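Novice: Just passing along the structure, written as structure tokens.
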Amino acid sequence: MKVKRYIAKDIQEAMIKIKSELGRDAIILHTRKIRKPGIRGFLQKPLIEVIAAVDSSKDFSRNKSSYIDRNTKSNMITNYNQIQNLNSQINTLKDMINTVIDKINFTQNSSSSDILKKYENILIENNVSKPVTEKILSIVSRQISISDKNEQSIRKAIKLIIKDILGTPYEIDSKNSEQKIIFFVGPTGVGKTTTLAKLASKFTLINEKSVALITADTYRIAAVEQIKTYSEILDIPLTVIYEPKELKQAIDNYSNKDFILIDTAGRNHKDKKLIEELEKLITFVKSPEVFLLISLTTTYNDVKSIINSYNFLNDYKLVFTKFDEASLFGNVLNAKILTSKPISYITTGQGVPDDIEVANTEQIANSIVGEYYERSSI
């Protein structure tokens, strides 16, 4: 048997040398990659070392069979090396693509973080409490994919979330034939009497319903005079009560009316005695509707304090006054989350009956993210 070692650039070059010197009957005993010594060898492509042999005593047919086997092995080695090289190239390409994707994601994340930070500042500056702001932006981050986090989509998502939190506003059903007894409560100066007058005039003039007024606000002479003026203009009967126990008789006197609207004294929400008096007043009515009025010119801390002082009420709706005087609208959202009660009406001026409307959640959401509130009509 003749054995010889060959050094070549690749397996193809080695096979040419082997066939040329040892003939077609040569067999491959061993192959491996080697490098030339020194720095140059390290930098250059590795060479192929092949150990081949030939047995001249074998008959032709056997040698031919052996050659075929050897040739198959050689081809397998060649194919294996080609596949390895291809896999290496694919892995390199994948690494390059992943690097590009990471850079894109980093840029988009940085951009979306800047946009989210911008709207965090807008919400907080518009009097939305920090916990509520964080809740909204957390929902936005979960709902919008990275590729979609541009300013337009983030702004749209924030408004949709605000609308969802605010829910469907409550409007008094003027078509129902059942008598409704409605209390208007809230702190001093919030606009209870004017709000009552606006709704009374709508029920009377627009809905053609019979209405009666009761006032328990006898702490201020001006308040009684104000509601008397409204009752005379609208030709609506009015009863003034001085003690809670008088309420039942006053209601009985108006049993034929569709609506009885009850004005209460403006309570200092920190005065427990006055709050207890209001609580006692409401207990004289079996199923009252209660509207808690909150001015949008009130600070967030005062809104929390007001809401806490009226926690004896089991059920009520929220009315927001002085929209026309406010520059910040976040307390609508804050109050909704603090109470979990339905929002109802907003007032937008002193005009009776025009300056009141059912809350428009689309426009409130616009106002909270810094867009102008445009009045709608009811």
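Convention: chains lettered A, B, ... in structure tokens order; per-chain residue numbering from 1; ligands numbered from 1 as shown.
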What's around A:Thr229 at 12 Å? Count only C-alpha atoms, leave out sequence neighbours fewer than 6 positions away in its own chain, and write the answer as a PDB file with N, CA and C atoms, in the first residue's frame.

Specialist:
```
ATOM      1  N   THR A 193     -78.026  76.139  43.557  1.00  0.00           N
ATOM      2  CA  THR A 193     -79.311  76.789  43.249  1.00  0.00           C
ATOM      3  C   THR A 193     -79.443  77.087  41.765  1.00  0.00           C
ATOM      4  N   THR A 194     -78.378  77.586  41.160  1.00  0.00           N
ATOM      5  CA  THR A 194     -78.419  77.896  39.735  1.00  0.00           C
ATOM      6  C   THR A 194     -78.582  76.621  38.899  1.00  0.00           C
ATOM      7  N   ALA A 197     -82.123  75.472  39.096  1.00  0.00           N
ATOM      8  CA  ALA A 197     -82.991  76.322  38.285  1.00  0.00           C
ATOM      9  C   ALA A 197     -82.867  75.976  36.801  1.00  0.00           C
ATOM     10  N   LEU A 213     -90.451  73.108  43.695  1.00  0.00           N
ATOM     11  CA  LEU A 213     -89.155  73.363  44.325  1.00  0.00           C
ATOM     12  C   LEU A 213     -89.298  73.375  45.843  1.00  0.00           C
ATOM     13  N   ALA A 222     -79.945  85.488  51.009  1.00  0.00           N
ATOM     14  CA  ALA A 222     -79.784  85.679  49.565  1.00  0.00           C
ATOM     15  C   ALA A 222     -80.133  84.415  48.797  1.00  0.00           C
ATOM     16  N   ALA A 223     -79.857  83.269  49.396  1.00  0.00           N
ATOM     17  CA  ALA A 223     -80.146  82.004  48.724  1.00  0.00           C
ATOM     18  C   ALA A 223     -81.639  81.795  48.563  1.00  0.00           C
ATOM     19  N   ASP A 235     -92.920  80.211  37.118  1.00  0.00           N
ATOM     20  CA  ASP A 235     -94.260  79.885  37.614  1.00  0.00           C
ATOM     21  C   ASP A 235     -94.289  78.460  38.200  1.00  0.00           C
ATOM     22  N   ILE A 236     -93.294  78.214  39.058  1.00  0.00           N
ATOM     23  CA  ILE A 236     -93.159  76.912  39.721  1.00  0.00           C
ATOM     24  C   ILE A 236     -93.364  77.120  41.222  1.00  0.00           C
ATOM     25  N   PRO A 237     -94.165  76.280  41.884  1.00  0.00           N
ATOM     26  CA  PRO A 237     -94.374  76.443  43.332  1.00  0.00           C
ATOM     27  C   PRO A 237     -93.104  76.162  44.121  1.00  0.00           C
ATOM     28  N   LEU A 238     -92.965  76.879  45.239  1.00  0.00           N
ATOM     29  CA  LEU A 238     -91.785  76.747  46.095  1.00  0.00           C
ATOM     30  C   LEU A 238     -92.195  76.635  47.556  1.00  0.00           C
TER      31      LEU A 238
END
```

Novice: List every residue of stretch 103-179 of chain A that DSSP, applied to the backbone of this structure, assigns to helix (DSSP H, G or I), and report them as a ChimeraX atom specification.

Specialist: /A:103-125,130-143,146-148,151-166

Novice: Please report, as a list in words, each residue of stretch 257-342 of chain A to which DSSP assigns strand (DSSP E) when run on this structure's backbone.

Specialist: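 Those residues are Phe259, Ile260, Leu261, Ile262, Asp263, Glu289, Val290, Phe291, Leu292, Leu293, Ile294, Ser295, Lys317, Leu318, Val319, Phe320 and Thr321 of chain A.
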
Novice: Could you tell me how far atom CA of A:Ile154 lies from atom CA of A:Ser129, in Å and to one decimal?

Specialist: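 Computed distance, atom CA of A:Ile154 to atom CA of A:Ser129, equals 19.0 Å.
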
Novice: Please provide as a list in words all residues within 7 Å of A:Ala200, with the sequence filter that same-chain residues fewer than 4 positions apart are discarded (counting only C-alpha atoms).

Specialist: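 Counting only the stated atoms, we get Leu196, Thr204 and Val211 of chain A.
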
Novice: Record the distance separating atom CA of A:Lys135 and atom CA of A:Asn334, expressed in Å with one decimal.

Specialist: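 Atom CA of A:Lys135 sits 11.8 Å away from atom CA of A:Asn334.
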
Novice: Measuring between only C-alpha atoms, which one of A:Lys336, A:Arg32, A:Lys19, A:Lys2 shows the shortest distance to A:Pro169?

Specialist: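 Comparing A:Lys336, A:Arg32, A:Lys19, A:Lys2 against A:Pro169, the winner is A:Lys336.
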
Novice: Counting only C-alpha atoms, which residue out of A:Ile346, A:Thr239, A:Val190, A:Glu134 sits closest to A:Ala359?

Specialist: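 Nearest candidate to A:Ala359 out of A:Ile346, A:Thr239, A:Val190, A:Glu134: A:Ile346.
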
Novice: Which of these residues is nearest to A:Thr361, using only C-alpha atoms: A:Leu116, A:Ile165, A:Leu86, A:Ile206?

Specialist: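 The closest residue to A:Thr361 is A:Ile165.
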
Novice: Work out how far atom CA of A:Thr215 is from atom CA of A:Ser201, in Å to one decimal.

Specialist: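 We find that atom CA of A:Ser201 and atom CA of A:Thr215 lie 16.2 Å from each other.
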
Novice: Counting only C-alpha atoms, what is within 7 Å of A:Ile51, bar same-chain residues fewer than 4 positions away, as a list in words?

Specialist: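 The neighbour list is Lys4, Arg5, Tyr6, Ile28, Leu29, His30 and Thr31 of chain A.
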
Novice: Export N, CA, C and O atoms of the chosen residues as a PDB file, in the first residue's frame?

Specialist:
```
ATOM      1  N   LYS A   4       0.410   8.641   1.138  1.00  0.00           N
ATOM      2  CA  LYS A   4       1.033   9.933   0.871  1.00  0.00           C
ATOM      3  C   LYS A   4       0.198  11.050   1.513  1.00  0.00           C
ATOM      4  O   LYS A   4      -1.018  10.961   1.615  1.00  0.00           O
ATOM      5  N   ARG A   5       0.882  12.120   1.957  1.00  0.00           N
ATOM      6  CA  ARG A   5       0.255  13.282   2.578  1.00  0.00           C
ATOM      7  C   ARG A   5       0.209  14.424   1.571  1.00  0.00           C
ATOM      8  O   ARG A   5       1.174  14.716   0.900  1.00  0.00           O
ATOM      9  N   TYR A   6      -0.978  15.104   1.537  1.00  0.00           N
ATOM     10  CA  TYR A   6      -1.171  16.209   0.598  1.00  0.00           C
ATOM     11  C   TYR A   6      -1.645  17.455   1.369  1.00  0.00           C
ATOM     12  O   TYR A   6      -2.444  17.362   2.297  1.00  0.00           O
ATOM     13  N   ILE A  28      -9.058   7.814   0.860  1.00  0.00           N
ATOM     14  CA  ILE A  28      -8.767   8.892   1.818  1.00  0.00           C
ATOM     15  C   ILE A  28      -8.733   8.274   3.213  1.00  0.00           C
ATOM     16  O   ILE A  28      -9.711   7.698   3.676  1.00  0.00           O
ATOM     17  N   LEU A  29      -7.605   8.399   3.883  1.00  0.00           N
ATOM     18  CA  LEU A  29      -7.470   7.866   5.238  1.00  0.00           C
ATOM     19  C   LEU A  29      -7.803   8.910   6.307  1.00  0.00           C
ATOM     20  O   LEU A  29      -8.343   8.577   7.365  1.00  0.00           O
ATOM     21  N   HIS A  30      -7.497  10.170   6.020  1.00  0.00           N
ATOM     22  CA  HIS A  30      -7.682  11.197   7.051  1.00  0.00           C
ATOM     23  C   HIS A  30      -7.679  12.582   6.396  1.00  0.00           C
ATOM     24  O   HIS A  30      -6.940  12.814   5.438  1.00  0.00           O
ATOM     25  N   THR A  31      -8.497  13.505   6.940  1.00  0.00           N
ATOM     26  CA  THR A  31      -8.463  14.908   6.504  1.00  0.00           C
ATOM     27  C   THR A  31      -8.532  15.809   7.732  1.00  0.00           C
ATOM     28  O   THR A  31      -9.128  15.443   8.745  1.00  0.00           O
TER      29      THR A  31
END
```

Novice: Applying 8 Å and only C-alpha atoms, which residues near stretch 156-160 of chain A remain after dropping the ones on its own chain fewer than 6 positions away? List them as a PDB file with N, CA, C and O atoms, in the first residue's frame.

Specialist:
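Final output, saved to around_22.pdb:
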```pdb
ATOM      1  N   ILE A 136     -53.183  55.281  33.542  1.00  0.00           N
ATOM      2  CA  ILE A 136     -53.522  55.482  32.135  1.00  0.00           C
ATOM      3  C   ILE A 136     -52.335  55.129  31.238  1.00  0.00           C
ATOM      4  O   ILE A 136     -52.475  54.395  30.249  1.00  0.00           O
ATOM      5  N   LEU A 137     -51.156  55.630  31.570  1.00  0.00           N
ATOM      6  CA  LEU A 137     -49.977  55.398  30.727  1.00  0.00           C
ATOM      7  C   LEU A 137     -49.538  53.941  30.764  1.00  0.00           C
ATOM      8  O   LEU A 137     -49.021  53.414  29.775  1.00  0.00           O
ATOM      9  N   VAL A 140     -51.746  52.249  28.298  1.00  0.00           N
ATOM     10  CA  VAL A 140     -51.297  52.603  26.946  1.00  0.00           C
ATOM     11  C   VAL A 140     -50.094  51.758  26.546  1.00  0.00           C
ATOM     12  O   VAL A 140     -50.041  51.212  25.437  1.00  0.00           O
ATOM     13  N   GLU A 362     -66.232  62.600  25.171  1.00  0.00           N
ATOM     14  CA  GLU A 362     -65.259  62.830  24.090  1.00  0.00           C
ATOM     15  C   GLU A 362     -64.581  64.179  24.282  1.00  0.00           C
ATOM     16  O   GLU A 362     -63.349  64.286  24.228  1.00  0.00           O
ATOM     17  N   ALA A 365     -62.395  64.293  27.461  1.00  0.00           N
ATOM     18  CA  ALA A 365     -61.102  63.644  27.205  1.00  0.00           C
ATOM     19  C   ALA A 365     -60.196  64.573  26.413  1.00  0.00           C
ATOM     20  O   ALA A 365     -58.990  64.683  26.700  1.00  0.00           O
ATOM     21  N   ASN A 366     -60.756  65.258  25.420  1.00  0.00           N
ATOM     22  CA  ASN A 366     -59.970  66.229  24.651  1.00  0.00           C
ATOM     23  C   ASN A 366     -59.416  67.327  25.553  1.00  0.00           C
ATOM     24  O   ASN A 366     -58.247  67.720  25.437  1.00  0.00           O
ATOM     25  N   VAL A 369     -56.438  66.200  27.702  1.00  0.00           N
ATOM     26  CA  VAL A 369     -55.150  66.084  27.007  1.00  0.00           C
ATOM     27  C   VAL A 369     -54.751  67.390  26.328  1.00  0.00           C
ATOM     28  O   VAL A 369     -53.838  67.425  25.507  1.00  0.00           O
TER      29      VAL A 369
END
```

Novice: Please identify all polymer residues within 12 Å of A:Thr283, counting only C-alpha atoms, omitting same-chain residues fewer than 5 positions from it, and present them as a list in words.

Specialist: Phe183, Pro244, Lys245, Leu247, Lys248, Glu276, Glu277, Leu278, Pro288, Glu289, Val290, Phe312, Leu313 and Asn314 of chain A

Novice: Under the rule that only C-alpha atoms are counted, which of A:Pro46, A:Gly186, A:Gly351, A:Gly330 is the nearest residue to A:Asp263?

Specialist: A:Gly186
